[in-house]
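Okay, final-v6.csv is below, CSV, C-alpha atoms and all ligand atoms:
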```csv
chain,number,residue,atom,x,y,z
A,1,MET,CA,30.1,-23.2,-7.9
A,2,LEU,CA,28.9,-20.8,-5.3
A,3,GLY,CA,27.6,-18.5,-8.0
A,4,CYS,CA,25.5,-21.3,-9.5
A,5,LYS,CA,24.1,-22.2,-6.2
A,6,LEU,CA,23.0,-18.7,-5.4
A,7,GLU,CA,21.4,-18.4,-8.8
A,8,ALA,CA,19.4,-21.6,-8.2
A,9,ILE,CA,18.2,-20.2,-4.9
A,10,SER,CA,17.0,-17.0,-6.4
A,11,THR,CA,15.0,-18.7,-9.2
A,12,VAL,CA,11.5,-17.5,-9.1
A,13,ASP,CA,8.7,-20.1,-9.1
A,14,ARG,CA,6.4,-18.4,-11.6
A,15,GLU,CA,3.7,-21.0,-11.4
A,16,GLN,CA,3.6,-20.8,-7.7
A,17,ILE,CA,3.2,-17.0,-7.8
A,18,ARG,CA,0.4,-17.4,-10.3
A,19,ASP,CA,-1.4,-20.0,-8.2
A,20,ASN,CA,-0.9,-17.9,-5.1
A,21,LEU,CA,-2.3,-14.8,-6.9
A,22,PHE,CA,-5.4,-16.7,-8.1
A,23,ARG,CA,-6.0,-18.0,-4.6
A,24,VAL,CA,-5.7,-14.5,-3.1
A,25,GLN,CA,-8.1,-13.2,-5.8
A,26,GLU,CA,-10.6,-15.9,-4.9
A,27,ARG,CA,-10.4,-15.1,-1.2
A,28,ILE,CA,-10.9,-11.4,-2.0
A,29,ALA,CA,-14.0,-12.3,-4.0
A,30,ALA,CA,-15.4,-14.5,-1.2
A,31,ALA,CA,-14.8,-11.9,1.4
A,32,ALA,CA,-16.4,-9.2,-0.7
A,33,GLN,CA,-19.4,-11.4,-1.3
A,34,LYS,CA,-19.7,-12.1,2.4
A,35,ALA,CA,-19.8,-8.4,3.0
A,36,GLY,CA,-22.3,-7.7,0.3
A,37,ARG,CA,-19.7,-5.9,-1.8
A,38,ARG,CA,-18.5,-6.3,-5.3
A,39,SER,CA,-15.0,-7.8,-5.6
A,40,ASP,CA,-14.0,-5.0,-8.1
A,41,GLU,CA,-14.4,-2.5,-5.3
A,42,VAL,CA,-11.3,-4.0,-3.8
A,43,ALA,CA,-7.9,-3.4,-5.5
A,44,LEU,CA,-5.1,-5.8,-4.8
A,45,ILE,CA,-1.7,-4.4,-4.3
A,46,GLY,CA,1.1,-6.9,-4.5
A,47,VAL,CA,3.8,-5.9,-2.0
A,48,ALA,CA,7.0,-7.0,-3.5
A,49,LYS,CA,9.6,-5.8,-1.0
A,50,THR,CA,12.7,-8.0,-0.8
A,51,GLN,CA,11.4,-10.0,-3.8
A,52,PRO,CA,13.3,-9.9,-7.1
A,53,ALA,CA,12.2,-8.1,-10.2
A,54,GLU,CA,11.3,-11.5,-11.9
A,55,ALA,CA,8.8,-12.2,-9.2
A,56,ILE,CA,7.1,-8.9,-10.0
A,57,ARG,CA,7.1,-9.7,-13.7
A,58,ALA,CA,5.6,-13.2,-13.0
A,59,ALA,CA,2.7,-11.6,-11.0
A,60,TYR,CA,2.2,-9.0,-13.6
A,61,GLU,CA,2.0,-11.6,-16.4
A,62,ALA,CA,-0.6,-13.4,-14.2
A,63,GLY,CA,-2.7,-10.3,-14.2
A,64,LEU,CA,-1.6,-8.2,-11.2
A,65,SER,CA,-1.3,-4.5,-12.0
A,66,HIS,CA,-0.7,-2.7,-8.7
A,67,PHE,CA,2.6,-3.2,-6.8
A,68,GLY,CA,3.9,-1.9,-3.5
A,69,GLU,CA,7.4,-1.3,-2.3
A,70,ASN,CA,8.5,0.0,1.1
A,71,ARG,CA,11.9,1.4,0.2
A,72,VAL,CA,12.8,4.0,-2.4
A,73,GLN,CA,16.3,2.6,-3.0
A,74,GLU,CA,15.2,-0.9,-3.4
A,75,TRP,CA,12.6,0.0,-6.0
A,76,GLU,CA,15.2,2.2,-7.9
A,77,GLY,CA,17.3,-0.9,-8.3
A,78,LYS,CA,14.5,-3.2,-9.4
A,79,ARG,CA,12.7,-0.9,-11.8
A,80,ALA,CA,15.5,-0.9,-14.3
A,81,THR,CA,14.4,-4.2,-15.8
A,82,LEU,CA,10.6,-3.6,-15.4
A,83,GLY,CA,10.2,-0.4,-17.5
A,84,ASP,CA,7.9,-2.1,-20.0
A,85,LEU,CA,5.3,-3.0,-17.4
A,86,GLN,CA,2.1,-0.9,-17.5
A,87,ALA,CA,1.6,-1.1,-13.7
A,88,THR,CA,0.9,1.3,-10.9
A,89,TRP,CA,3.7,1.6,-8.3
A,90,HIS,CA,2.9,2.4,-4.7
A,91,LEU,CA,5.3,3.4,-2.0
A,92,VAL,CA,3.8,1.7,1.1
A,93,GLY,CA,6.6,2.1,3.6
A,94,HIS,CA,7.7,5.0,5.7
A,95,LEU,CA,9.2,7.8,3.6
A,96,GLN,CA,12.0,10.0,5.0
A,97,SER,CA,11.5,13.6,3.8
A,98,ASN,CA,15.0,13.7,2.3
A,99,LYS,CA,13.9,11.0,-0.2
A,100,ALA,CA,10.6,12.7,-1.0
A,101,ALA,CA,11.7,14.2,-4.3
A,102,ARG,CA,13.0,10.9,-5.6
A,103,ALA,CA,9.9,9.1,-4.4
A,104,ALA,CA,7.7,11.6,-6.3
A,105,GLY,CA,9.4,10.7,-9.5
A,106,LEU,CA,9.4,6.9,-9.0
A,107,PHE,CA,5.9,6.1,-7.7
A,108,GLN,CA,2.4,6.9,-8.9
A,109,SER,CA,1.1,6.8,-5.3
A,110,VAL,CA,2.7,7.4,-1.9
A,111,ASP,CA,0.4,5.5,0.6
A,112,SER,CA,2.3,6.5,3.8
A,113,VAL,CA,2.2,10.3,4.1
A,114,ASP,CA,2.1,11.1,7.8
A,115,ASP,CA,3.2,14.7,8.2
A,116,PHE,CA,2.8,18.0,6.5
A,117,ALA,CA,6.5,18.7,5.8
A,118,LEU,CA,6.7,15.4,3.8
A,119,ALA,CA,3.5,16.3,1.9
A,120,GLN,CA,4.9,19.7,1.0
A,121,ARG,CA,8.1,18.1,-0.3
A,122,LEU,CA,6.2,15.7,-2.4
A,123,ASP,CA,4.1,18.6,-3.7
A,124,ARG,CA,7.1,20.7,-4.6
A,125,ALA,CA,8.7,17.8,-6.4
A,126,ARG,CA,5.8,17.6,-8.7
A,127,ASP,CA,5.7,21.4,-9.2
A,128,GLY,CA,6.5,22.7,-12.7
A,129,LYS,CA,6.1,19.4,-14.3
A,130,ASP,CA,3.5,20.3,-16.9
A,131,GLY,CA,1.2,17.5,-18.0
A,132,GLU,CA,2.1,15.2,-15.2
A,133,PRO,CA,-0.8,14.0,-13.2
A,134,LYS,CA,-1.1,14.9,-9.6
A,135,LEU,CA,0.7,12.5,-7.3
A,136,ARG,CA,-1.8,10.3,-5.4
A,137,VAL,CA,-1.3,10.2,-1.7
A,138,LEU,CA,-2.9,8.4,1.2
A,139,LEU,CA,-2.5,9.5,4.8
A,140,GLU,CA,-1.1,6.8,7.1
A,141,VAL,CA,-3.0,6.9,10.4
A,142,ARG,CA,-1.7,5.4,13.5
A,143,VAL,CA,-4.6,3.2,14.8
A,144,GLU,CA,-2.7,2.0,17.9
A,145,GLU,CA,-2.1,4.0,21.0
A,146,GLU,CA,1.6,3.0,21.1
A,147,GLU,CA,4.1,5.7,20.6
A,148,GLY,CA,6.9,5.3,18.1
A,149,LYS,CA,4.7,3.7,15.4
A,150,SER,CA,4.5,5.5,12.1
A,151,GLY,CA,1.4,7.3,11.0
A,152,VAL,CA,-0.5,10.5,12.1
A,153,ARG,CA,-2.5,10.1,15.3
A,154,ALA,CA,-6.2,9.9,14.6
A,155,GLU,CA,-7.0,13.1,16.6
A,156,GLN,CA,-4.6,15.0,14.4
A,157,ALA,CA,-5.7,13.5,11.1
A,158,ALA,CA,-8.4,16.2,10.4
A,159,ALA,CA,-5.9,19.1,10.7
A,160,LEU,CA,-3.4,17.3,8.4
A,161,VAL,CA,-6.1,16.4,5.9
A,162,GLU,CA,-7.2,20.0,5.6
A,163,LYS,CA,-3.6,21.1,4.9
A,164,VAL,CA,-2.9,18.3,2.4
A,165,VAL,CA,-6.0,18.9,0.3
A,166,ALA,CA,-4.8,22.4,-0.2
A,167,LEU,CA,-1.6,21.3,-2.0
A,168,SER,CA,-2.2,21.6,-5.7
A,169,HIS,CA,0.1,18.8,-7.0
A,170,LEU,CA,-1.2,16.1,-4.7
A,171,GLU,CA,-4.5,14.2,-4.9
A,172,LEU,CA,-5.4,13.0,-1.4
A,173,ALA,CA,-7.4,9.8,-2.1
A,174,GLY,CA,-7.9,8.4,1.4
A,175,LEU,CA,-6.3,6.7,4.4
A,176,MET,CA,-4.0,3.8,5.1
A,177,CYS,CA,-3.2,1.9,8.4
A,178,ILE,CA,-1.0,-0.9,9.6
A,179,PRO,CA,-2.8,-2.3,12.7
A,180,PRO,CA,-0.9,-4.6,15.2
A,181,PHE,CA,-0.2,-8.1,14.0
A,182,LEU,CA,-2.5,-10.3,16.0
A,183,GLY,CA,-2.9,-14.1,15.6
A,184,ASP,CA,-6.6,-13.8,16.1
A,185,VAL,CA,-7.6,-11.7,13.2
A,186,ASP,CA,-11.0,-10.8,14.6
A,187,LYS,CA,-9.1,-8.8,17.2
A,188,VAL,CA,-7.8,-6.6,14.3
A,189,ARG,CA,-11.3,-5.8,13.2
A,190,PRO,CA,-11.8,-2.8,15.6
A,191,TYR,CA,-8.7,-1.1,14.2
A,192,PHE,CA,-10.0,-1.4,10.6
A,193,ARG,CA,-13.4,-0.1,11.8
A,194,ARG,CA,-11.7,2.8,13.5
A,195,LEU,CA,-10.0,3.8,10.2
A,196,ARG,CA,-13.3,3.6,8.3
A,197,GLU,CA,-15.1,5.7,10.9
A,198,LEU,CA,-12.3,8.2,10.8
A,199,ARG,CA,-12.6,8.4,7.0
A,200,ASP,CA,-16.3,9.0,7.3
A,201,SER,CA,-15.9,11.8,9.7
A,202,LEU,CA,-13.2,13.4,7.5
A,203,ASP,CA,-15.6,13.4,4.6
A,204,HIS,CA,-17.6,15.9,6.5
A,205,THR,CA,-14.5,17.9,7.5
A,206,ILE,CA,-13.4,18.5,3.9
A,207,GLY,CA,-16.8,18.3,2.2
A,208,ARG,CA,-15.9,15.5,-0.2
A,209,ARG,CA,-15.5,11.8,-0.2
A,210,LEU,CA,-12.2,10.2,0.5
A,211,PRO,CA,-12.7,7.1,-1.5
A,212,VAL,CA,-9.7,4.9,-0.5
A,213,LEU,CA,-9.2,2.8,2.5
A,214,SER,CA,-5.9,0.9,2.2
A,215,MET,CA,-6.0,-1.8,4.9
A,216,GLY,CA,-5.4,-5.5,5.3
A,217,MET,CA,-2.4,-7.7,4.6
A,218,SER,CA,-1.8,-11.4,4.0
A,219,HIS,CA,-3.2,-12.6,7.3
A,220,ASP,CA,-6.1,-10.2,7.8
A,221,PHE,CA,-7.3,-8.8,4.5
A,222,GLU,CA,-10.6,-10.7,4.6
A,223,VAL,CA,-11.6,-8.9,7.8
A,224,ALA,CA,-10.4,-5.6,6.3
A,225,ILE,CA,-12.6,-6.1,3.3
A,226,GLU,CA,-15.6,-6.8,5.6
A,227,GLU,CA,-14.8,-3.5,7.3
A,228,GLY,CA,-14.7,-1.5,4.0
A,229,ALA,CA,-11.1,-1.8,2.6
A,230,THR,CA,-10.9,-0.6,-1.0
A,231,GLU,CA,-7.2,-1.6,-1.3
A,232,VAL,CA,-5.5,-4.6,0.3
A,233,ARG,CA,-1.7,-4.8,0.5
A,234,VAL,CA,-0.6,-8.4,0.1
A,235,GLY,CA,2.9,-9.7,0.2
A,236,THR,CA,3.7,-13.2,1.4
A,237,ALA,CA,0.4,-14.7,0.3
A,238,ILE,CA,1.4,-13.9,-3.3
A,239,PHE,CA,5.2,-14.0,-3.4
A,240,GLY,CA,6.0,-16.4,-0.5
A,241,SER,CA,8.0,-15.7,2.5
A,242,ARG,CA,10.5,-12.8,2.4
A,243,THR,CA,14.2,-13.5,2.4
A,244,ALA,CA,15.8,-12.2,5.5
A,245,LYS,CA,17.8,-9.1,4.9
A,301,LIG,C1,5.2,-5.8,3.9
A,301,LIG,C2,4.0,-4.9,3.9
A,301,LIG,C3,2.7,-5.5,3.5
A,301,LIG,C4,2.5,-6.9,3.1
A,301,LIG,O1,2.7,-7.7,4.2
A,301,LIG,P1,2.3,-9.3,4.1
A,301,LIG,O2,2.1,-9.7,5.5
A,301,LIG,O3,3.5,-10.0,3.6
A,301,LIG,O4,1.1,-9.5,3.3
A,301,LIG,C5,1.7,-4.6,3.5
A,301,LIG,N1,1.8,-3.3,3.9
A,301,LIG,C6,3.0,-2.8,4.2
A,301,LIG,C7,3.1,-1.3,4.6
A,301,LIG,C8,4.1,-3.6,4.3
A,301,LIG,O5,5.3,-3.1,4.6
```

Taking this structure as input, can you express it in the form of structure tokens?
Ligand SMILES: *Cc1c(COP(=O)(O)O)cnc(C)c1O
Amino acid sequence: MLGCKLEAISTVDREQIRDNLFRVQERIAAAAQKAGRRSDEVALIGVAKTQPAEAIRAAYEAGLSHFGENRVQEWEGKRATLGDLQATWHLVGHLQSNKAARAAGLFQSVDSVDDFALAQRLDRARDGKDGEPKLRVLLEVRVEEEEGKSGVRAEQAAALVEKVVALSHLELAGLMCIPPFLGDVDKVRPYFRRLRELRDSLDHTIGRRLPVLSMGMSHDFEVAIEEGATEVRVGTAIFGSRTAK
């Protein structure tokens, strides 16, 4: 009896996910238009942490092709049944360096690199694998003053970027940030702007464009798009609320 009940609870509402996805895509298009940008300049990453594999499959079948997870182990468990999906898998959560080698084999992009030792481990894990593309990485920048948050401090980003671009198995594509969660989303705008301005200054530092700005989540992605986001990471607005762990 208990087993049946649990199964019923975990049943994924595929139609709901499809409707949610379409709604998010409409909101992205509207925000892009408002900012004078094309909606295809903004990639949508469905953050599926704590959601079951069937929820990912439902979103994929509704047209989503980028997914984010925040834990290596959780994704190792889910991917077993999703091997047939032609999707791009992003690690968006903090990565401990002792899991770097595993992450390098499981994800096409690590969006949360925030120190050089970690970058080196990712680089080494891709070494000697002929024919494998470079591992895409983003630097996670701490846009808040507060200590203890993940991400490299903005003042130290230039030094880290210079070292990471020298690693031959990584492709540094841009920057990512997780600003504070604020009810008034317009108060988040300065954090997004700060990341964009930092990116622009780093372009000068390394002499090439860093094309990617990964910023904006369910409650604030429209503002992020207005401030130049090229990737938004959306969880609950697509998959519904997360089950408490
Ligand atoms: C969970 C998570 C998201 C998505 O958050 P929602 O508020 O559910 O959209 C985005 N980015 C990161 C790094 C996350 O951990």

Surroundings of ligand LIG 301 (chain A) up to 6 Å, based on only C-alpha atoms and all ligand atoms, as a PyMOL selection string: chain A and resi 47+70+92-93+217-218+233-236

Selected residue of minimal separation from Ala87 of chain A among A:Ala104, A:Ala229, A:Ser112, A:Gly46, counting only C-alpha atoms: A:Gly46

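Comparing the minimum interatomic distances between Glu54 of chain A and each of A:Glu144, A:Phe67, A:Leu82, A:Ile206, counting all atoms listed in the file, we find that A:Leu82 sits nearest.
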
Proximity to Ser150 of chain A - best of A:Lys187, A:His94, A:Glu132, A:Gln120, all atoms listed in the file: A:His94

For segment 21-120 of chain A versus segment 163-169 of chain A, which residues have an atom no more than 12 Å away, and what is each residue's nearest atom pair and distance in Å rounded to one decimal, using all atoms listed in the file, chain-then-number order, as a tab-separated table?
```
residue	atom	partner	partner_atom	distance
A:Ala104	CA	A:His169	CA	10.5
A:Val113	CA	A:Val164	CA	9.6
A:Asp114	CA	A:Val164	CA	10.3
A:Asp115	CA	A:Val164	CA	9.2
A:Phe116	CA	A:Val164	CA	7.0
A:Ala117	CA	A:Val164	CA	10.0
A:Leu118	CA	A:Val164	CA	10.1
A:Ala119	CA	A:Val164	CA	6.7
A:Gln120	CA	A:Leu167	CA	7.3
```

Create the file for the chosen residues now, containing C-alpha atoms and written as an mmCIF file, in the coordinates of the input.
```cif
data_model
loop_
_atom_site.group_PDB
_atom_site.id
_atom_site.type_symbol
_atom_site.label_atom_id
_atom_site.label_comp_id
_atom_site.auth_asym_id
_atom_site.auth_seq_id
_atom_site.Cartn_x
_atom_site.Cartn_y
_atom_site.Cartn_z
ATOM 1 C CA ALA A 104 7.700 11.600 -6.300
ATOM 2 C CA VAL A 113 2.200 10.300 4.100
ATOM 3 C CA ASP A 114 2.100 11.100 7.800
ATOM 4 C CA ASP A 115 3.200 14.700 8.200
ATOM 5 C CA PHE A 116 2.800 18.000 6.500
ATOM 6 C CA ALA A 117 6.500 18.700 5.800
ATOM 7 C CA LEU A 118 6.700 15.400 3.800
ATOM 8 C CA ALA A 119 3.500 16.300 1.900
ATOM 9 C CA GLN A 120 4.900 19.700 1.000
#
```

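Atom pair atom CA of Glu140 of chain A / atom CA of Gly68 of chain A: separated by 14.6 Å.
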
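For Ile225 of chain A, the list of residues within 8 Å, based on all atoms listed in the file and with local chain neighbours fewer than 6 positions off taken out, reads Ile28, Ala31, Ala32, Ala35, Val42, Gly216 and Val232 of chain A.
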
Written selection (C-alpha atoms) as a compact mmCIF listing (two decimals), keeping the file's coordinate frame:
```txt
# COMPACT_ATOMS: atom_id res chain seq x y z
CA ILE A 28 -10.90 -11.40 -2.00
CA ALA A 31 -14.80 -11.90 1.40
CA ALA A 32 -16.40 -9.20 -0.70
CA ALA A 35 -19.80 -8.40 3.00
CA VAL A 42 -11.30 -4.00 -3.80
CA GLY A 216 -5.40 -5.50 5.30
CA VAL A 232 -5.50 -4.60 0.30
```

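Distance cut-off 9 Å, centre (-10.3, 5.9, 10.5), atoms counted only C-alpha atoms; the residues meeting this are Val141, Val143, Ala154, Ala157, Leu175, Met176, Cys177, Tyr191, Phe192, Arg193, Arg194, Leu195, Arg196, Glu197, Leu198, Arg199, Asp200, Ser201, Leu202 and Leu213 of chain A.
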
Go ahead and write the selection's residues with C-alpha atoms as an mmCIF file, in the frame of the given file.
```
data_model
loop_
_atom_site.group_PDB
_atom_site.id
_atom_site.type_symbol
_atom_site.label_atom_id
_atom_site.label_comp_id
_atom_site.auth_asym_id
_atom_site.auth_seq_id
_atom_site.Cartn_x
_atom_site.Cartn_y
_atom_site.Cartn_z
ATOM 1 C CA VAL A 141 -3.000 6.900 10.400
ATOM 2 C CA VAL A 143 -4.600 3.200 14.800
ATOM 3 C CA ALA A 154 -6.200 9.900 14.600
ATOM 4 C CA ALA A 157 -5.700 13.500 11.100
ATOM 5 C CA LEU A 175 -6.300 6.700 4.400
ATOM 6 C CA MET A 176 -4.000 3.800 5.100
ATOM 7 C CA CYS A 177 -3.200 1.900 8.400
ATOM 8 C CA TYR A 191 -8.700 -1.100 14.200
ATOM 9 C CA PHE A 192 -10.000 -1.400 10.600
ATOM 10 C CA ARG A 193 -13.400 -0.100 11.800
ATOM 11 C CA ARG A 194 -11.700 2.800 13.500
ATOM 12 C CA LEU A 195 -10.000 3.800 10.200
ATOM 13 C CA ARG A 196 -13.300 3.600 8.300
ATOM 14 C CA GLU A 197 -15.100 5.700 10.900
ATOM 15 C CA LEU A 198 -12.300 8.200 10.800
ATOM 16 C CA ARG A 199 -12.600 8.400 7.000
ATOM 17 C CA ASP A 200 -16.300 9.000 7.300
ATOM 18 C CA SER A 201 -15.900 11.800 9.700
ATOM 19 C CA LEU A 202 -13.200 13.400 7.500
ATOM 20 C CA LEU A 213 -9.200 2.800 2.500
#
```

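The nearest approach to Leu170 of chain A among the residues A:Gly183, A:Gly36, A:Gly207, A:Pro133, with all atoms listed in the file taken into account, belongs to A:Pro133.
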
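Proximity to Arg57 of chain A at 10 Å, evaluated using all atoms listed in the file and with sequence-adjacent residues fewer than 4 positions away removed, yields Arg14, Pro52, Ala53, Glu61, Ala62, Gly63, Leu64, Thr81, Leu82, Asp84 and Leu85 of chain A.
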